[in-house]
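All remarks here apply to the structure that follows.
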Amino acid sequence: MSIAENVARIKEDIAKAALAAGRDPSEILLCAATKMNDADAVREAIRAGVDCCGENRAQELTAKQAQNAYDGVPVHFIGHLQTNKVKQVVGKVSLIQSIDSMHLLEAVDKEAARQGICQDILLEINVGNEESKSGFSTEQIHQILSQMENFSNICVRGLMAIPPICQNSTDNHKFFQEIYHLAVDITAKKYDNVSVDILSMGMSDDYADAIACGSTMIRVGTAIFGARRYS
Ligand SMILES: *Cc1c(COP(=O)(O)O)cnc(C)c1O
């Protein structure tokens with residue numbers, strides 16, 4: 001299957017999952033997770049109609065931006081961001097989806113202030129409390145959000161999560177629903193400088209479950225580009 005055929009199939013799946021949940025398919029954006037795919041593959045995905053691209057590494061982002069690979073759609077940062085790389089990412093992407101620590105939040109705010117911009121971000125939630133994954137716990141998150149008024153160069157736009165790998169939809173739903181309910185709670189508390197328009201959850205293997213539970217953005221790599229070749 002070509003990249004264009006894959007994107008078309010995923011868009012059909014999005015529409016089906018949305019309609020089954022009584023949702024408008026246009027509420028759900030398709031973010032192509034482009035790591036390890038070259039500029040030509042990225043351009044093909046954009047021509048096929050993905051809504052945005054998500055890159056994992058600062059170096060890869062910089063290299064592909066120099067090739068104008070993302071022309072036509074917004075590019076997001078979705079990988080773990082080291083504080084010594086914030087200069088390469090802040091102001092270069094429309095959304096940093098993967099803010100996973102207070103330390104990183106401070107570094108991004110400082111760099112955004114230096115550039116005189118407001119950087120849109122998502123807070124990453126470690127929904128399964130997995131040791132191997134970064135992100136805020138659902139317990140921590142309200143405490144972080146109550147401090148957001150102090151970060152005047154950051155705009156929180158929502159949440160991102162990568163739930164533990166599950167063997168079935170029922171378990172997937174449990175984690176996705178936990179994130180959805182967290183977003184509802186956050187909205188109700190009306191924190192300064194915080195909105196929760198974006199719920200970024202769902203990848204190649206579980207995007208239909210994520211959409212059933214309220215996802216507004218799915219991040220899909222393998223199902224668009226095929227298996228990544230690690231050399
Ligand atoms: C690679 C990646 C994805 C996409 O994963 P697939 O299983 O290939 O669809 C989504 N989100 C993040 C943060 C990623 O690093």
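Labels for the structure tokens follow display order: chains A, B, ..., residues from 1 in each chain, ligands from 1.
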
Step one, run DSSP on the backbone; step two, keep only residues of region 19-181 of chain A assigned to alpha helix (DSSP H); then write them as a PyMOL selection string. chain A and resi 19-20+39-48+58-66+102-115+141-145+169-181

Prev. selection, C-alpha atoms, output as a PDB file, in the first residue's frame:
```
ATOM      1  CA  LEU A  19     -19.648   8.594  13.780  1.00  0.00           C
ATOM      2  CA  ALA A  20     -19.962   5.455  15.932  1.00  0.00           C
ATOM      3  CA  ALA A  39      11.472  14.483   3.376  1.00  0.00           C
ATOM      4  CA  ASP A  40       9.940  12.828   0.295  1.00  0.00           C
ATOM      5  CA  ALA A  41       7.840  10.458   2.404  1.00  0.00           C
ATOM      6  CA  VAL A  42       6.722  13.402   4.567  1.00  0.00           C
ATOM      7  CA  ARG A  43       5.711  15.396   1.470  1.00  0.00           C
ATOM      8  CA  GLU A  44       3.713  12.430   0.183  1.00  0.00           C
ATOM      9  CA  ALA A  45       1.803  12.196   3.463  1.00  0.00           C
ATOM     10  CA  ILE A  46       1.064  15.936   3.331  1.00  0.00           C
ATOM     11  CA  ARG A  47      -0.184  15.671  -0.256  1.00  0.00           C
ATOM     12  CA  ALA A  48      -2.419  12.801   0.877  1.00  0.00           C
ATOM     13  CA  ALA A  58      15.408  18.096  17.392  1.00  0.00           C
ATOM     14  CA  GLN A  59      18.129  17.166  14.927  1.00  0.00           C
ATOM     15  CA  GLU A  60      15.721  15.429  12.555  1.00  0.00           C
ATOM     16  CA  LEU A  61      13.315  18.372  12.804  1.00  0.00           C
ATOM     17  CA  THR A  62      16.052  20.858  11.896  1.00  0.00           C
ATOM     18  CA  ALA A  63      17.277  18.735   8.987  1.00  0.00           C
ATOM     19  CA  LYS A  64      13.816  18.245   7.475  1.00  0.00           C
ATOM     20  CA  GLN A  65      12.861  21.898   8.006  1.00  0.00           C
ATOM     21  CA  ALA A  66      15.975  22.857   6.015  1.00  0.00           C
ATOM     22  CA  MET A 102       8.644  21.085  35.472  1.00  0.00           C
ATOM     23  CA  HIS A 103      12.271  21.536  34.496  1.00  0.00           C
ATOM     24  CA  LEU A 104      11.389  21.407  30.792  1.00  0.00           C
ATOM     25  CA  LEU A 105       8.398  23.713  31.288  1.00  0.00           C
ATOM     26  CA  GLU A 106      10.738  26.308  32.828  1.00  0.00           C
ATOM     27  CA  ALA A 107      13.322  25.956  30.052  1.00  0.00           C
ATOM     28  CA  VAL A 108      10.690  26.328  27.302  1.00  0.00           C
ATOM     29  CA  ASP A 109       9.139  29.380  28.999  1.00  0.00           C
ATOM     30  CA  LYS A 110      12.544  31.018  29.335  1.00  0.00           C
ATOM     31  CA  GLU A 111      13.439  30.454  25.680  1.00  0.00           C
ATOM     32  CA  ALA A 112       9.985  31.611  24.514  1.00  0.00           C
ATOM     33  CA  ALA A 113      10.422  34.777  26.597  1.00  0.00           C
ATOM     34  CA  ARG A 114      13.839  35.369  25.010  1.00  0.00           C
ATOM     35  CA  GLN A 115      12.221  35.082  21.566  1.00  0.00           C
ATOM     36  CA  ILE A 141      -1.214  17.635  37.079  1.00  0.00           C
ATOM     37  CA  HIS A 142      -3.543  19.942  39.017  1.00  0.00           C
ATOM     38  CA  GLN A 143      -0.642  21.243  41.043  1.00  0.00           C
ATOM     39  CA  ILE A 144       1.304  22.021  37.841  1.00  0.00           C
ATOM     40  CA  LEU A 145      -1.694  23.725  36.240  1.00  0.00           C
ATOM     41  CA  SER A 169      -9.881  -2.561  23.561  1.00  0.00           C
ATOM     42  CA  THR A 170     -11.429  -2.739  27.009  1.00  0.00           C
ATOM     43  CA  ASP A 171      -8.080  -2.040  28.681  1.00  0.00           C
ATOM     44  CA  ASN A 172      -7.282   0.672  26.120  1.00  0.00           C
ATOM     45  CA  HIS A 173     -10.591   2.375  26.823  1.00  0.00           C
ATOM     46  CA  LYS A 174      -9.850   2.460  30.539  1.00  0.00           C
ATOM     47  CA  PHE A 175      -6.668   4.535  30.029  1.00  0.00           C
ATOM     48  CA  PHE A 176      -8.113   6.787  27.337  1.00  0.00           C
ATOM     49  CA  GLN A 177     -11.186   7.469  29.470  1.00  0.00           C
ATOM     50  CA  GLU A 178      -8.965   8.383  32.404  1.00  0.00           C
ATOM     51  CA  ILE A 179      -7.319  11.079  30.249  1.00  0.00           C
ATOM     52  CA  TYR A 180     -10.665  12.271  28.940  1.00  0.00           C
ATOM     53  CA  HIS A 181     -12.047  12.654  32.469  1.00  0.00           C
TER      54      HIS A 181
END
```

Do a neighbour search on Asn56 (chain A) at 12 Å with only C-alpha atoms, toss out local chain neighbours closer than 5 positions, and write the hits as a PyMOL selection string. chain A and resi 32-37+61-62+64+75-82+85+89+93+96-98+219+221

Region 21-163 of chain A: which residues are strand (DSSP E or B) by DSSP, as a ChimeraX atom specification? /A:29-33,52-55,75-77,95-99,119-125,136,154-161

Report, in Å to a single decimal, how far apart CA of Tyr207 (chain A) and CA of Asp38 (chain A) are.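 Between CA of Asp38 (chain A) and CA of Tyr207 (chain A) the gap works out to 23.7 Å.
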
Contact residues around Gly49 (chain A) with only C-alpha atoms at 10 Å, ignoring same-chain residues under 5 positions, as a list in words: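 Residues meeting the cut-off are Ala4, Val7, Ala8, Lys11, Leu30, Ala32, Arg43, Glu44, Gly72 and Val73 of chain A.
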
Which is closer to Asp24 (chain A) than all the others in A:Lys87, A:Arg228, A:Ala212, A:Ala223, using only C-alpha atoms? A:Ala212

Nearest candidate to Val127 (chain A) (options A:Asn168, A:Asn153, A:Met201, A:Glu55; using only C-alpha atoms): A:Met201

If you measure from CA of Gln119 (chain A) to CA of Val156 (chain A), what distance in Å do you get, rounded to one decimal? 8.5 Å

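CA of Ile99 (chain A) sits 5.6 Å away from CA of Glu124 (chain A).
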
Here is a test: counting only C-alpha atoms, which residue of A:Ala161, A:Cys31, A:Leu199, A:Cys118 is nearest to Asp100 (chain A)? A:Ala161

Ligand 1 proximity check over A:Met217, A:Ile224, A:Met203, A:Met160, using only C-alpha atoms and all ligand atoms: winner is A:Met203

Asp192 (chain A) environment, 9 Å, only C-alpha atoms, sequence neighbours closer than 6 positions dropped, as a PyMOL selection string: chain A and resi 145-149

Resulting file, chosen residues, C-alpha atoms, as a PDB file, in the first residue's frame:
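Here's the written file again_31.pdb:
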```
ATOM      1  CA  LEU A 145      -1.694  23.725  36.240  1.00  0.00           C
ATOM      2  CA  SER A 146      -2.304  25.959  39.234  1.00  0.00           C
ATOM      3  CA  GLN A 147       1.165  27.432  38.616  1.00  0.00           C
ATOM      4  CA  MET A 148       0.679  28.157  34.919  1.00  0.00           C
ATOM      5  CA  GLU A 149      -0.096  31.830  35.492  1.00  0.00           C
TER       6      GLU A 149
END
```

Go through A:Gly128, A:Gly54, A:Pro25, A:Pro164 one by one, measure the shortest atom-to-atom distance of each to ligand 1 using only C-alpha atoms and all ligand atoms, and give the residue with the smallest value.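 Result for the nearest residue to ligand 1: A:Gly54.
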